[in-house]
>>> print(open('entry.cif').read())   # mmCIF, C-alpha atoms and all ligand atoms
data_start
loop_
_atom_site.label_atom_id
_atom_site.label_comp_id
_atom_site.auth_asym_id
_atom_site.auth_seq_id
_atom_site.Cartn_x
_atom_site.Cartn_y
_atom_site.Cartn_z
CA MET X 145 -2.80 -9.90 33.50
CA ARG X 146 -6.56 -10.34 33.49
CA ALA X 147 -6.13 -14.04 32.83
CA LEU X 148 -3.81 -14.35 35.85
CA ILE X 149 -6.28 -12.51 38.05
CA ALA X 150 -9.13 -14.69 36.80
CA ILE X 151 -7.17 -17.83 37.68
CA ALA X 152 -6.06 -16.51 41.05
CA LEU X 153 -9.55 -15.39 41.93
CA ALA X 154 -11.42 -18.33 40.41
CA GLY X 155 -14.75 -18.66 42.09
CA CYS X 156 -14.81 -15.06 43.24
CA ALA X 157 -17.13 -12.59 41.50
CA TYR X 158 -14.39 -10.69 39.70
CA GLU X 159 -15.64 -8.15 37.24
CA ASP X 160 -13.74 -5.68 35.14
CA THR X 161 -15.67 -2.46 35.58
CA ARG X 162 -13.51 -0.35 33.29
CA PRO X 163 -15.56 1.37 30.59
CA VAL X 164 -15.51 -0.34 27.21
CA ALA X 165 -13.72 1.73 24.60
CA HIS X 166 -15.96 2.60 21.67
CA ALA X 167 -14.78 2.98 18.11
CA GLU X 168 -15.82 6.63 18.02
CA GLU X 169 -13.83 7.42 21.14
CA ILE X 170 -11.20 10.13 20.77
CA THR X 171 -7.97 8.74 22.16
CA ALA X 172 -5.42 11.43 21.37
CA SER X 173 -4.99 15.16 21.25
CA VAL X 174 -2.54 17.60 19.78
CA SER X 175 -2.14 21.13 21.05
CA TYR X 176 0.26 23.55 19.41
CA THR X 177 1.03 27.20 19.62
CA ILE X 178 2.19 27.90 16.09
CA HIS X 179 4.44 30.84 15.34
CA GLY X 180 3.20 32.48 12.16
CA ASP X 181 5.27 34.41 9.65
CA THR X 182 4.58 38.14 9.84
CA ALA X 183 5.16 38.16 6.07
CA CYS X 184 1.90 36.22 5.56
CA ALA X 185 -0.76 38.38 3.95
CA PRO X 186 -3.92 39.23 5.94
CA ASN X 187 -6.07 36.85 3.86
CA VAL X 188 -3.62 33.99 4.48
CA ARG X 189 -3.65 34.72 8.19
CA ALA X 190 -7.44 34.76 8.25
CA ASP X 191 -7.64 31.49 6.24
CA THR X 192 -5.11 29.86 8.57
CA GLU X 193 -7.00 30.91 11.70
CA THR X 194 -10.29 29.69 10.22
CA SER X 195 -8.63 26.37 9.35
CA CYS X 196 -7.34 25.99 12.92
CA ARG X 197 -10.86 26.48 14.24
CA ASP X 198 -12.31 24.05 11.65
CA TRP X 199 -9.97 21.25 12.75
CA GLY X 200 -10.69 22.17 16.37
CA THR X 201 -14.40 21.87 15.76
CA VAL X 202 -14.41 18.49 14.00
CA SER X 203 -12.01 17.08 16.60
CA ARG X 204 -14.11 18.49 19.44
CA GLY X 205 -11.11 20.47 20.60
CA HIS X 206 -8.65 17.57 20.41
CA ILE X 207 -6.76 19.41 17.69
CA ALA X 208 -5.99 22.74 19.32
CA PHE X 209 -3.95 25.02 17.12
CA ARG X 210 -3.33 28.62 18.07
CA VAL X 211 -1.32 30.88 15.79
CA VAL X 212 0.73 33.77 17.09
CA TRP X 213 1.89 35.96 14.23
CA ASP X 214 5.31 36.85 15.57
CA LEU X 215 7.74 34.94 13.38
CA THR X 216 10.37 37.12 11.74
CA ALA X 217 13.96 36.58 10.64
CA SER X 218 15.07 37.77 14.08
CA THR X 219 12.76 35.38 16.01
CA LEU X 220 13.33 32.37 13.74
CA LEU X 221 16.16 30.93 15.82
CA GLN X 222 14.21 31.43 19.04
CA TYR X 223 11.20 29.50 17.69
CA SER X 224 13.05 27.00 15.48
CA GLU X 225 11.93 24.02 17.60
CA ALA X 226 8.26 25.07 17.60
CA PRO X 227 5.56 24.55 14.95
CA LEU X 228 5.86 27.29 12.37
CA ILE X 229 3.80 28.65 9.50
CA VAL X 230 5.93 30.27 6.84
CA CYS X 231 4.64 32.07 3.75
CA ARG X 232 6.85 31.89 0.69
CA GLN X 233 6.79 31.95 -3.07
CA MET X 234 6.57 28.53 -4.70
CA PRO X 235 6.33 27.73 -8.40
CA TYR X 236 2.71 26.85 -9.25
CA PRO X 237 1.17 24.23 -8.89
CA TYR X 238 2.94 23.92 -5.53
CA CYS X 239 0.75 25.67 -2.99
CA GLY X 240 1.96 24.30 0.32
CA SER X 241 4.00 21.71 2.13
CA THR X 242 4.55 20.39 5.63
CA SER X 243 7.87 19.07 6.83
CA GLY X 244 7.91 17.98 10.45
CA THR X 245 6.25 20.87 12.26
CA VAL X 246 7.06 23.47 9.62
CA VAL X 247 4.12 24.41 7.40
CA GLU X 248 4.79 26.38 4.24
CA ILE X 249 1.99 28.25 2.52
CA GLY X 250 2.57 29.30 -1.08
CA THR X 251 1.84 32.88 -2.00
CA ASN X 252 0.98 32.28 -5.66
CA PRO X 253 -2.39 34.00 -6.29
CA ARG X 254 -3.58 30.91 -8.21
CA CYS X 255 -3.42 28.89 -4.97
CA ASN X 256 -6.47 28.58 -2.75
CA THR X 257 -4.86 29.51 0.56
CA HIS X 258 -7.84 28.38 2.64
CA ALA X 259 -7.74 24.90 1.07
CA THR X 260 -3.95 24.86 1.45
CA ALA X 261 -4.03 25.91 5.11
CA LEU X 262 -6.70 23.30 5.96
CA HIS X 263 -4.72 20.57 4.18
CA GLU X 264 -1.32 21.45 5.66
CA LEU X 265 -2.73 21.88 9.17
CA GLY X 266 -4.19 18.38 8.79
CA HIS X 267 -0.63 17.15 8.17
CA LEU X 268 0.57 19.12 11.20
CA ALA X 269 -1.99 17.18 13.24
CA GLY X 270 -0.51 13.95 11.84
CA ILE X 271 -3.11 13.12 9.19
CA HIS X 272 -1.80 11.73 5.90
CA ASP X 273 -2.98 12.39 2.35
CA ILE X 274 -6.05 10.37 1.38
CA ASP X 275 -7.49 9.33 -1.98
CA ALA X 276 -11.08 10.60 -1.57
CA PRO X 277 -11.31 13.08 -4.47
CA ASP X 278 -13.30 15.80 -2.70
CA ALA X 279 -11.50 15.57 0.63
CA VAL X 280 -9.41 18.35 2.10
CA MET X 281 -6.65 15.78 2.68
CA ASN X 282 -6.56 14.82 -1.01
CA VAL X 283 -3.19 15.90 -2.37
CA ASN X 284 -4.85 18.10 -5.02
CA SER X 285 -7.49 19.55 -2.73
CA ILE X 286 -9.14 22.87 -3.41
CA THR X 287 -11.77 22.03 -0.79
CA THR X 288 -12.38 24.48 2.03
CA ARG X 289 -14.82 22.26 3.89
CA LEU X 290 -13.78 19.19 5.86
CA THR X 291 -15.56 16.08 4.57
CA ALA X 292 -16.54 12.82 6.26
CA ALA X 293 -13.47 11.21 4.62
CA ASP X 294 -11.25 13.80 6.33
CA VAL X 295 -12.92 13.16 9.67
CA ARG X 296 -12.46 9.40 9.19
CA ALA X 297 -8.74 9.97 8.49
CA CYS X 298 -8.60 12.09 11.62
CA ALA X 299 -10.51 9.44 13.59
CA ALA X 300 -8.08 6.77 12.37
CA ILE X 301 -5.34 8.42 14.44
CA GLY X 302 -7.69 8.98 17.39
CA LEU X 303 -8.08 12.74 17.06
CA CYS X 304 -11.67 12.90 15.82
CA PRO X 305 -14.91 11.04 16.50
CA ARG X 306 -15.98 8.77 13.67
CA PRO X 307 -18.81 10.15 11.58
CA GLY X 308 -21.96 8.65 13.05
CA ARG X 309 -23.62 7.35 9.91
CA PRO X 310 -22.08 5.81 6.80
CA ASP X 311 -24.33 7.96 4.60
CA VAL X 312 -22.96 11.20 5.99
CA THR X 313 -20.89 12.70 3.21
CA THR X 314 -20.15 16.15 4.58
CA VAL X 315 -19.59 17.43 8.07
CA THR X 316 -20.89 20.91 8.71
CA VAL X 317 -18.21 22.90 10.44
CA GLU X 318 -19.46 25.30 13.08
CA ILE X 319 -17.16 27.60 14.95
CA ASP X 320 -16.86 26.22 18.45
CA PRO X 321 -16.86 29.02 21.02
CA ALA X 322 -14.73 26.81 23.28
CA ILE X 323 -11.78 27.10 20.88
CA PRO X 324 -9.75 30.15 21.84
CA ARG X 325 -9.99 32.84 19.23
CA VAL X 326 -6.69 34.43 18.26
CA GLU X 327 -7.28 38.09 17.65
CA PRO X 328 -5.61 39.25 14.46
CA ASP X 329 -3.06 42.01 14.81
CA TYR X 330 -3.97 43.53 11.45
CA PRO X 331 -7.04 45.49 10.42
CA ARG X 332 -9.85 43.36 9.04
CA THR X 333 -11.70 44.61 6.01
CA PRO X 334 -15.46 44.38 6.48
ZN ZN J 401 -0.64 16.55 1.62
#
>>> encode(input="entry.cif", output="structure tokens", more="lines below")
Ligand SMILES: [Zn+2]
Amino acid sequence: MRALIAIALAGCAYEDTRPVAHAEEITASVSYTIHGDTACAPNVRADTETSCRDWGTVSRGHIAFRVVWDLTASTLLQYSEAPLIVCRQMPYPYCGSTSGTVVEIGTNPRCNTHATALHELGHLAGIHDIDAPDAVMNVNSITTRLTAADVRACAAIGLCPRPGRPDVTTVTVEIDPAIPRVEPDYPRTP
């Protein structure tokens, strides 16, 4: 199209003034209200909500996950098309899985539920497993902090900015006040 215009307007001062896309530009976003299983324990709920905010922070709000803890056997049919977080027993070492928009968190006490929630929510955003050994998105991750490798995997699908410097190994995750906070409906222990 540009070539045609250039030929048609040869001799005229045609300039494309559209902004140049930069590599670090975020080109996509994913926003889900996730229905969470009321059977999930308070610590799992807290870890899941923290993980939602962590992905929201590194993606500058382009991954916006909000969990509503209202999924029960009686609401399952009603929400079956929506993203879901389900807590269930799995034989160790299985701690979590994501199939489509259904995230399962294992309840085995040997599992690190924060690491599991971060990893599975990464899949829910569309990020695949990566090889970097310390990354959250490594298949065997027990990491509760998103690393530069995770952010690069997120950037590869346009949801995160690329880490600015190649020597950055860890991204500090701050809670972004712009991400809506879902108030828990259970008492928090101090
Ligand atoms: Zn995985």
>>> residues_near_ligand(input="entry.cif", ligand="ligand ZN 401 (chain J)", cutoff="12 Å", atoms="only C-alpha atoms and all ligand atoms", output="PyMOL selection string")
chain X and resi 238-243+247-248+259-275+279-286+294
>>> closest_residue(input="entry.cif", among="X:Asp278, X:Ala292, X:Thr251, X:Leu303", to="Val188 of chain X", atoms="all atoms listed in the file")
X:Thr251
>>> residues_around(input="entry.cif", residues="Ile207 of chain X", least_positions_apart="5", cutoff="12 Å", atoms="all atoms listed in the file", output="VMD selection string")
chain X and resid 170 to 177 195 to 202 265 to 271 295 298 to 299 301 to 305 323 to 324
>>> atom_distance(input="entry.cif", atom1="atom CA of Thr194 of chain X", atom2="atom CA of Ile249 of chain X")
14.6 Å
>>> atom_distance(input="entry.cif", atom1="atom CA of Leu228 of chain X", atom2="atom CA of Val246 of chain X")
4.9 Å
>>> closest_residue(input="entry.cif", among="X:Leu220, X:Ala208, X:Cys255, X:Ala190", to="Pro235 of chain X", atoms="all atoms listed in the file")
X:Cys255
>>> atom_distance(input="entry.cif", atom1="atom CA of Ser203 of chain X", atom2="atom CA of Pro277 of chain X")
21.5 Å
